[in-house]
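What follows is the content of structure-v8.txt (compact mmCIF, C-alpha atoms).
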```txt
# COMPACT_ATOMS: atom_id res chain seq x y z
CA GLY A 1 -42.13 24.39 -2.75
CA SER A 2 -38.99 24.02 -4.76
CA GLY A 3 -37.32 26.71 -2.64
CA SER A 4 -37.25 24.45 0.41
CA ARG A 5 -35.36 21.67 -1.41
CA CYS A 6 -31.66 21.78 -2.13
CA GLN A 7 -31.03 22.26 -5.84
CA LYS A 8 -27.61 20.50 -5.82
CA PRO A 9 -28.09 16.80 -6.53
CA GLY A 10 -26.87 14.55 -3.75
CA CYS A 11 -25.75 17.31 -1.39
CA CYS A 12 -28.36 16.39 1.23
CA ARG A 13 -27.18 12.83 1.39
CA LYS A 14 -24.87 12.08 4.29
CA PRO A 15 -21.85 9.84 3.65
CA LEU A 16 -22.31 6.33 4.95
CA TYR A 17 -19.46 6.63 7.49
CA ARG A 18 -21.24 9.60 9.12
CA MET A 19 -24.37 7.56 9.59
CA LEU A 20 -22.53 4.72 11.31
CA SER A 21 -21.52 4.56 14.94
CA GLN A 22 -17.83 4.50 15.79
CA ALA A 23 -17.94 0.76 16.44
CA ASP A 24 -19.79 0.04 13.18
CA ALA A 25 -17.36 2.21 11.22
CA ALA A 26 -14.49 0.25 12.76
CA ARG A 27 -16.12 -3.02 11.68
CA VAL A 28 -16.37 -1.72 8.12
CA ALA A 29 -12.69 -0.72 8.28
CA VAL A 30 -11.72 -4.22 9.42
CA VAL A 31 -13.63 -5.80 6.53
CA ARG A 32 -11.92 -3.47 4.06
CA LEU A 33 -8.47 -4.18 5.51
CA LYS A 34 -9.02 -7.92 5.20
CA ALA A 35 -10.27 -7.54 1.63
CA ALA A 36 -7.30 -5.37 0.62
CA HIS A 37 -4.58 -7.47 2.25
CA THR A 38 -4.59 -11.22 1.83
CA TRP A 39 -2.76 -12.98 4.63
CA ARG A 40 -0.20 -15.56 3.53
CA ALA A 41 0.57 -18.15 6.19
CA VAL A 42 4.19 -19.33 6.42
CA PRO A 43 4.10 -23.16 6.33
CA ARG A 44 6.12 -24.88 9.04
CA THR A 45 8.02 -26.74 6.32
CA ALA A 46 9.09 -23.36 4.91
CA ARG A 47 10.73 -21.99 8.04
CA LEU A 48 14.43 -21.54 7.44
CA LEU A 49 15.50 -20.72 11.00
CA SER A 50 14.99 -22.39 14.33
CA PRO A 51 12.75 -20.48 16.77
CA LYS A 52 15.83 -19.33 18.72
CA ASP A 53 17.73 -18.18 15.61
CA ARG A 54 14.65 -16.41 14.32
CA GLU A 55 14.18 -14.65 17.65
CA ASP A 56 17.79 -13.43 17.49
CA ARG A 57 17.21 -12.01 14.00
CA VAL A 58 13.98 -10.35 15.10
CA GLU A 59 15.84 -8.87 18.06
CA LYS A 60 18.38 -7.32 15.67
CA ILE A 61 15.62 -5.91 13.45
CA CYS A 62 13.89 -4.35 16.46
CA GLU A 63 17.15 -2.89 17.75
CA VAL A 64 17.74 -1.22 14.37
CA THR A 65 14.22 0.24 14.26
CA GLU A 66 14.65 1.56 17.79
CA ASP A 67 18.06 3.08 17.04
CA PHE A 68 16.40 5.06 14.24
CA CYS A 69 13.37 5.85 16.46
CA LEU A 70 10.96 4.12 14.07
CA GLN A 71 7.43 3.00 14.90
CA PRO A 72 6.61 -0.49 16.24
CA GLN A 73 4.44 -0.96 13.11
CA THR A 74 7.58 -0.53 11.01
CA ALA A 75 9.34 -3.25 12.99
CA GLY A 76 6.32 -5.53 12.56
CA LEU A 77 6.23 -5.02 8.79
CA ALA A 78 9.99 -5.59 8.53
CA VAL A 79 9.72 -8.84 10.52
CA SER A 80 6.86 -10.01 8.29
CA MET A 81 8.93 -9.36 5.16
CA PHE A 82 11.91 -11.12 6.70
CA ASP A 83 9.80 -14.20 7.44
CA ARG A 84 8.52 -14.28 3.86
CA VAL A 85 12.07 -14.09 2.44
CA CYS A 86 13.19 -16.90 4.75
CA ALA A 87 10.21 -18.96 3.60
CA LYS A 88 11.25 -18.52 -0.03
CA ALA A 89 14.80 -19.59 0.85
CA ALA A 90 13.55 -22.65 2.72
CA LEU A 91 11.58 -23.67 -0.37
CA GLY A 92 14.67 -23.51 -2.57
CA ALA A 93 14.97 -19.90 -3.74
CA GLU A 94 18.52 -18.56 -4.00
CA ILE A 95 19.15 -15.49 -1.86
CA ASN A 96 22.96 -14.97 -2.03
CA VAL A 97 22.51 -12.27 0.62
CA PRO A 98 23.50 -12.73 4.30
CA LEU A 99 20.50 -12.82 6.63
CA ASP A 100 21.79 -9.84 8.60
CA VAL A 101 21.68 -7.78 5.38
CA VAL A 102 18.21 -9.18 4.55
CA GLY A 103 16.99 -7.92 7.93
CA LEU A 104 18.40 -4.43 7.31
CA VAL A 105 16.89 -4.28 3.82
CA CYS A 106 13.49 -5.32 5.21
CA VAL A 107 13.73 -2.42 7.67
CA LEU A 108 14.61 -0.07 4.79
CA VAL A 109 11.66 -1.20 2.68
CA ALA A 110 9.26 -1.08 5.65
CA THR A 111 10.21 2.51 6.44
CA LYS A 112 9.19 3.55 2.93
CA PHE A 113 5.62 2.52 3.77
CA GLN A 114 5.36 3.50 7.43
CA GLU A 115 7.65 6.46 8.07
CA VAL A 116 7.96 10.06 6.97
CA ARG A 117 11.76 9.88 6.93
CA VAL A 118 13.76 6.94 5.63
CA PRO A 119 17.17 6.11 7.17
CA ALA A 120 20.15 6.80 4.92
CA ILE A 121 21.50 3.64 3.33
CA GLU A 122 25.02 4.52 4.47
CA GLU A 123 23.87 4.70 8.11
CA LEU A 124 21.78 1.55 7.82
CA ALA A 125 24.73 -0.35 6.33
CA LYS A 126 26.73 0.25 9.52
CA MET A 127 24.11 -1.43 11.74
CA ASP A 128 24.40 -5.02 13.00
CA LEU A 129 27.87 -5.38 11.48
CA PRO A 130 29.50 -8.67 12.58
CA LYS A 131 32.88 -8.31 14.25
CA GLY A 132 35.74 -8.42 11.78
CA ARG A 133 33.58 -7.94 8.69
CA ALA A 134 34.37 -5.14 6.28
CA PRO A 135 31.84 -2.27 6.15
CA ARG A 136 28.97 -2.83 3.75
CA SER A 137 28.96 -0.70 0.61
CA ARG A 138 26.03 1.29 -0.73
CA ILE A 139 26.11 -0.86 -3.90
CA LEU A 140 25.80 -4.04 -1.82
CA MET A 141 22.79 -2.64 0.04
CA LYS A 142 21.06 -1.56 -3.19
CA GLU A 143 21.65 -4.95 -4.82
CA ALA A 144 20.38 -6.69 -1.68
CA GLU A 145 17.27 -4.51 -1.76
CA MET A 146 16.49 -5.56 -5.32
CA THR A 147 17.03 -9.23 -4.39
CA VAL A 148 14.60 -8.95 -1.47
CA LEU A 149 12.02 -7.10 -3.55
CA CYS A 150 12.13 -9.79 -6.23
CA LEU A 151 11.80 -12.56 -3.63
CA LEU A 152 8.75 -10.75 -2.26
CA ASP A 153 7.35 -10.47 -5.80
CA TRP A 154 7.07 -6.73 -5.14
CA ASP A 155 4.05 -7.50 -2.97
CA LEU A 156 5.05 -5.27 -0.09
CA HIS A 157 2.14 -3.63 1.67
CA GLU A 158 0.63 -5.74 4.43
CA ALA A 159 -1.87 -5.08 7.19
CA ALA A 160 -0.02 -5.49 10.48
CA PRO A 161 -1.67 -6.55 13.77
CA HIS A 162 -1.35 -2.97 15.02
CA GLN A 163 -3.69 -1.72 12.29
CA TYR A 164 -6.37 -4.24 13.20
CA LEU A 165 -5.87 -3.60 16.91
CA GLU A 166 -6.77 0.09 16.57
CA HIS A 167 -10.13 -0.87 15.08
CA LEU A 168 -10.74 -3.62 17.64
CA PHE A 169 -10.27 -1.04 20.39
CA GLN A 170 -13.10 1.02 18.91
CA ILE A 171 -15.35 -2.00 18.43
CA THR A 172 -14.93 -3.20 22.01
CA GLY A 173 -14.57 0.15 23.76
CA ALA A 174 -11.26 -0.85 25.33
CA SER A 175 -9.97 1.04 28.38
CA LYS A 176 -6.61 2.83 28.43
CA SER A 177 -5.03 0.09 30.54
CA CYS A 178 -6.32 -2.53 28.14
CA VAL A 179 -4.98 -0.59 25.14
CA LYS A 180 -1.46 -0.40 26.58
CA ARG A 181 -1.36 -4.07 27.50
CA ALA A 182 -2.74 -5.24 24.17
CA GLU A 183 -0.24 -3.08 22.25
CA PHE A 184 2.54 -4.54 24.38
CA PHE A 185 1.44 -8.09 23.53
CA VAL A 186 1.33 -7.32 19.81
CA ASP A 187 4.89 -5.96 19.99
CA MET A 188 5.91 -9.08 21.90
CA SER A 189 4.29 -11.38 19.34
CA PHE A 190 6.96 -10.51 16.74
CA TYR A 191 9.50 -12.56 18.72
CA GLU A 192 7.44 -15.76 18.95
CA ALA A 193 7.82 -18.12 15.97
CA ARG A 194 4.57 -19.93 16.82
CA MET A 195 2.64 -16.76 15.98
CA LEU A 196 3.39 -17.39 12.29
CA ASP A 197 0.44 -19.81 12.38
CA PHE A 198 -2.00 -16.94 12.99
CA SER A 199 -3.26 -14.09 10.82
CA PRO A 200 -2.52 -10.48 11.83
CA ILE A 201 -6.11 -9.88 12.94
CA ALA A 202 -6.06 -13.08 15.03
CA ILE A 203 -2.86 -11.89 16.73
CA ALA A 204 -4.53 -8.55 17.45
CA ALA A 205 -7.60 -10.28 18.85
CA GLY A 206 -5.52 -12.71 20.93
CA SER A 207 -3.54 -9.80 22.37
CA LEU A 208 -6.75 -8.01 23.31
CA MET A 209 -8.15 -11.15 24.92
CA LEU A 210 -4.96 -11.61 26.96
CA ALA A 211 -5.18 -7.99 28.12
CA TRP A 212 -8.73 -8.62 29.34
CA GLN A 213 -7.60 -11.78 31.10
CA GLN A 214 -4.76 -10.04 32.94
CA LEU A 215 -6.98 -7.12 33.92
CA GLY A 216 -9.72 -9.46 35.11
CA ASP A 217 -12.18 -7.83 32.71
CA ILE A 218 -14.53 -10.81 32.51
CA GLU A 219 -17.42 -8.67 31.27
CA SER A 220 -15.59 -7.53 28.13
CA GLU A 221 -14.26 -11.01 27.51
CA ASN A 222 -17.70 -12.60 27.69
CA LYS A 223 -19.28 -9.83 25.64
CA HIS A 224 -16.81 -9.54 22.76
CA THR A 225 -14.87 -12.82 22.35
CA ALA A 226 -17.40 -14.45 20.02
CA GLN A 227 -17.57 -11.22 18.00
CA LEU A 228 -13.76 -11.21 17.65
CA ALA A 229 -13.84 -14.78 16.36
CA CYS A 230 -16.43 -13.76 13.78
CA LEU A 231 -14.32 -10.79 12.64
CA CYS A 232 -11.23 -13.01 12.40
CA GLU A 233 -13.22 -15.70 10.58
CA VAL A 234 -11.80 -18.38 12.89
CA ASP A 235 -13.31 -20.56 15.57
CA LEU A 236 -13.01 -19.76 19.27
CA LYS A 237 -10.52 -22.59 19.75
CA THR A 238 -8.06 -20.83 17.44
CA LEU A 239 -8.33 -17.53 19.28
CA PHE A 240 -7.89 -19.18 22.67
CA LEU A 241 -4.83 -21.02 21.33
CA CYS A 242 -3.39 -17.72 20.11
CA ARG A 243 -3.97 -16.17 23.53
CA HIS A 244 -2.41 -19.18 25.25
CA ILE A 245 0.76 -18.98 23.13
CA LEU A 246 1.09 -15.27 23.84
CA MET A 247 0.71 -15.88 27.57
CA ASP A 248 3.18 -18.77 27.45
CA HIS A 249 5.78 -16.57 25.73
CA PHE A 250 5.08 -13.73 28.14
CA GLU A 251 5.63 -15.92 31.19
CA SER A 252 8.78 -17.47 29.70
CA VAL A 253 10.28 -13.99 29.28
CA PHE A 254 8.98 -12.30 32.42
CA LYS A 255 9.25 -15.11 34.95
CA THR A 256 6.77 -14.87 37.79
CA CYS A 257 8.14 -14.56 41.28
CA GLU A 258 6.28 -14.06 44.55
CA VAL A 259 8.31 -11.06 45.72
CA THR A 260 8.10 -7.80 43.82
CA VAL A 261 11.13 -5.53 44.13
CA ARG A 262 10.32 -1.88 44.71
CA VAL A 263 12.88 0.61 43.45
CA PRO A 264 13.27 3.68 45.70
CA ALA A 265 13.06 7.03 43.91
CA SER A 266 16.61 7.85 45.01
CA ALA A 267 18.12 4.58 43.79
CA PRO A 268 20.51 4.66 40.81
CA MET A 269 19.79 2.68 37.68
CA ASP A 270 20.99 -0.85 38.36
CA ASP A 271 20.43 -4.07 36.44
CA SER A 272 20.14 -5.91 39.76
CA LEU A 273 17.00 -3.94 40.62
CA ARG A 274 14.43 -5.92 38.70
CA SER A 275 10.87 -7.01 39.03
CA GLU A 276 9.87 -10.20 37.26
CA SER A 277 6.21 -10.24 38.16
CA PRO A 278 4.04 -10.18 35.01
CA ASP A 279 1.51 -7.92 36.72
CA SER A 280 4.10 -5.43 37.95
CA ILE A 281 5.85 -4.79 34.63
CA PHE A 282 2.85 -2.85 33.36
CA ALA A 283 2.92 -0.29 36.17
CA PRO A 284 5.52 1.92 34.41
CA LEU A 285 3.56 1.63 31.15
CA ASP A 286 0.77 3.67 32.71
CA ALA A 287 3.21 6.50 33.33
CA MET A 288 5.34 6.32 30.17
CA SER A 289 4.45 6.84 26.53
CA VAL A 290 7.41 5.00 25.04
CA VAL A 291 7.88 1.80 23.10
CA PRO A 292 7.87 -1.37 25.24
CA ARG A 293 9.85 -4.41 24.21
CA PRO A 294 11.14 -7.69 25.66
CA PRO A 295 14.48 -7.64 27.51
CA GLY A 296 17.84 -7.75 25.78
CA SER A 297 17.79 -4.19 24.46
CA LYS A 298 21.09 -2.36 24.20
CA VAL A 299 19.54 0.97 23.32
CA ASP A 300 19.31 4.05 25.54
CA PRO A 301 16.88 3.23 28.40
CA ASP A 302 15.84 6.89 28.53
CA LYS A 303 14.38 6.57 25.03
CA PHE A 304 12.96 3.05 25.06
CA PHE A 305 11.40 1.09 27.85
CA SER A 306 12.48 -2.40 28.81
CA PRO A 307 9.84 -3.75 31.22
CA LEU A 308 12.46 -5.46 33.38
CA ARG A 309 14.55 -2.35 33.85
CA CYS A 310 12.50 0.57 35.11
CA PRO A 311 13.83 4.10 35.57
CA PRO A 312 14.24 4.85 39.30
CA SER A 313 11.76 7.73 39.06
CA LEU A 314 9.02 5.22 38.26
CA PRO A 315 8.72 2.73 41.14
CA LEU A 316 7.40 -0.66 40.29
CA ALA A 317 4.07 -2.01 41.42
CA GLY A 318 3.92 -3.51 44.88
CA PRO A 319 3.29 -2.33 48.43
CA SER A 320 5.08 0.85 49.32
CA PRO A 321 7.14 1.14 52.51
CA SER A 322 4.28 3.04 54.12
CA GLY A 323 1.89 0.23 53.35
CA SER A 324 -0.22 2.26 50.94
CA PRO A 325 -1.41 0.53 47.77
CA PRO A 326 0.54 1.13 44.54
CA GLN A 327 -0.65 3.78 42.12
CA ARG A 328 -2.08 2.33 38.95
```
Using structure tokens, write down the structure from this file.
Amino acid sequence: GSGSRCQKPGCCRKPLYRMLSQADAARVAVVRLKAAHTWRAVPRTARLLSPKDREDRVEKICEVTEDFCLQPQTAGLAVSMFDRVCAKAALGAEINVPLDVVGLVCVLVATKFQEVRVPAIEELAKMDLPKGRAPRSRILMKEAEMTVLCLLDWDLHEAAPHQYLEHLFQITGASKSCVKRAEFFVDMSFYEARMLDFSPIAIAAGSLMLAWQQLGDIESENKHTAQLACLCEVDLKTLFLCRHILMDHFESVFKTCEVTVRVPASAPMDDSLRSESPDSIFAPLDAMSVVPRPPGSKVDPDKFFSPLRCPPSLPLAGPSPSGSPPQR
């Protein structure tokens, strides 16, 4: 009878996302992200800086975000904005703002999208100040912000590789070790100029594929690689090239050596105690929930993790003095 049927129209209908599995819901989220954020490739003819100069500027941006304890996603968005401004300058647009100030302004704008708290302009103006230069004024920073916003055509919100990576983890059922490695590779990708040829979702997919490769997870690689190419709307050759560039950059930064140095628990922090084995640098990541980044950081090592400089309480991977296998 009518008593057994709900009288409120539509209340018995379940929302679509509740009917989908976690993996299917993640696929829908990826499609929506791609539809909402159009990726704009930076042509090679529109690259203002050499790869080395660009890497130095990215390093400064990342140092600023770390000094203010901002998220890696904020650094990624700031770097993306910086690249777009440099592209406009390379194509003839007038900036009239020093690149160090452009980097700081990109950090400021990125925090307004990604963070709960935004750094004070006065504090931000003191960062990355060249030796001998007069302190930057608040007026200068505000004018520079308007210049950057106009160069970006006020088109500010972008989908970063980190956002896609979270959904790819759900689609592929990635393990914890795989998650940490893939996130590391996405953070590392900001420094590599060749990654400007790839979309954010392709960078996320390439990072995930490299994590599988380093973990020896052949099953996941064989099962999901074609699916990743379909989601990225690229061919397999493009994804494998992306993975190769990431691995090439990784090995150029963390040079492989046959001997892995093991730091005793009682040893003081010393820059000479390093491990440069690509496999061993991830051992501390399993025990630390901090932001990894390539070497060169001048920030407090107790707050941020440089893979080549491990705290003495976290011994690196490699055989222990007793001959027992390392803890992973």
Residues of stretch 118-181 of chain A within 10 Å of stretch 62-70 of chain A: nearest atom pair and distance (Å, one decimal) for each, counting only C-alpha atoms, sorted by chain and number, as a Markdown table?
```
| residue | atom | partner | partner_atom | distance |
| --- | --- | --- | --- | --- |
| A:Val118 | CA | A:Phe68 | CA | 9.2 |
| A:Pro119 | CA | A:Phe68 | CA | 7.2 |
| A:Glu123 | CA | A:Phe68 | CA | 9.7 |
| A:Leu124 | CA | A:Val64 | CA | 8.2 |
| A:Met127 | CA | A:Val64 | CA | 6.9 |
| A:Asp128 | CA | A:Val64 | CA | 7.8 |
```
Quick one: distance from atom CA of A:Leu129 to atom CA of A:Ile61 in Å, one decimal?
12.4 Å
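You can rank A:Leu156, A:Met195, A:Val31, A:Cys232 by their closest distance to A:Phe113 using all atoms listed in the file, and at the top of that list sits A:Leu156.
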Just the residues within 12 Å of A:Gln213, please, counting all atoms listed in the file, with nothing from its chain fewer than 3 positions along; format it as a PyMOL selection string.
chain A and resi 178+181-182+206-210+216-222+225+240+243-244+246-247+279
Have a look at atom CA of A:Ala159 and atom CA of A:His249 and let me know their distance in Å, one decimal.
23.1 Å
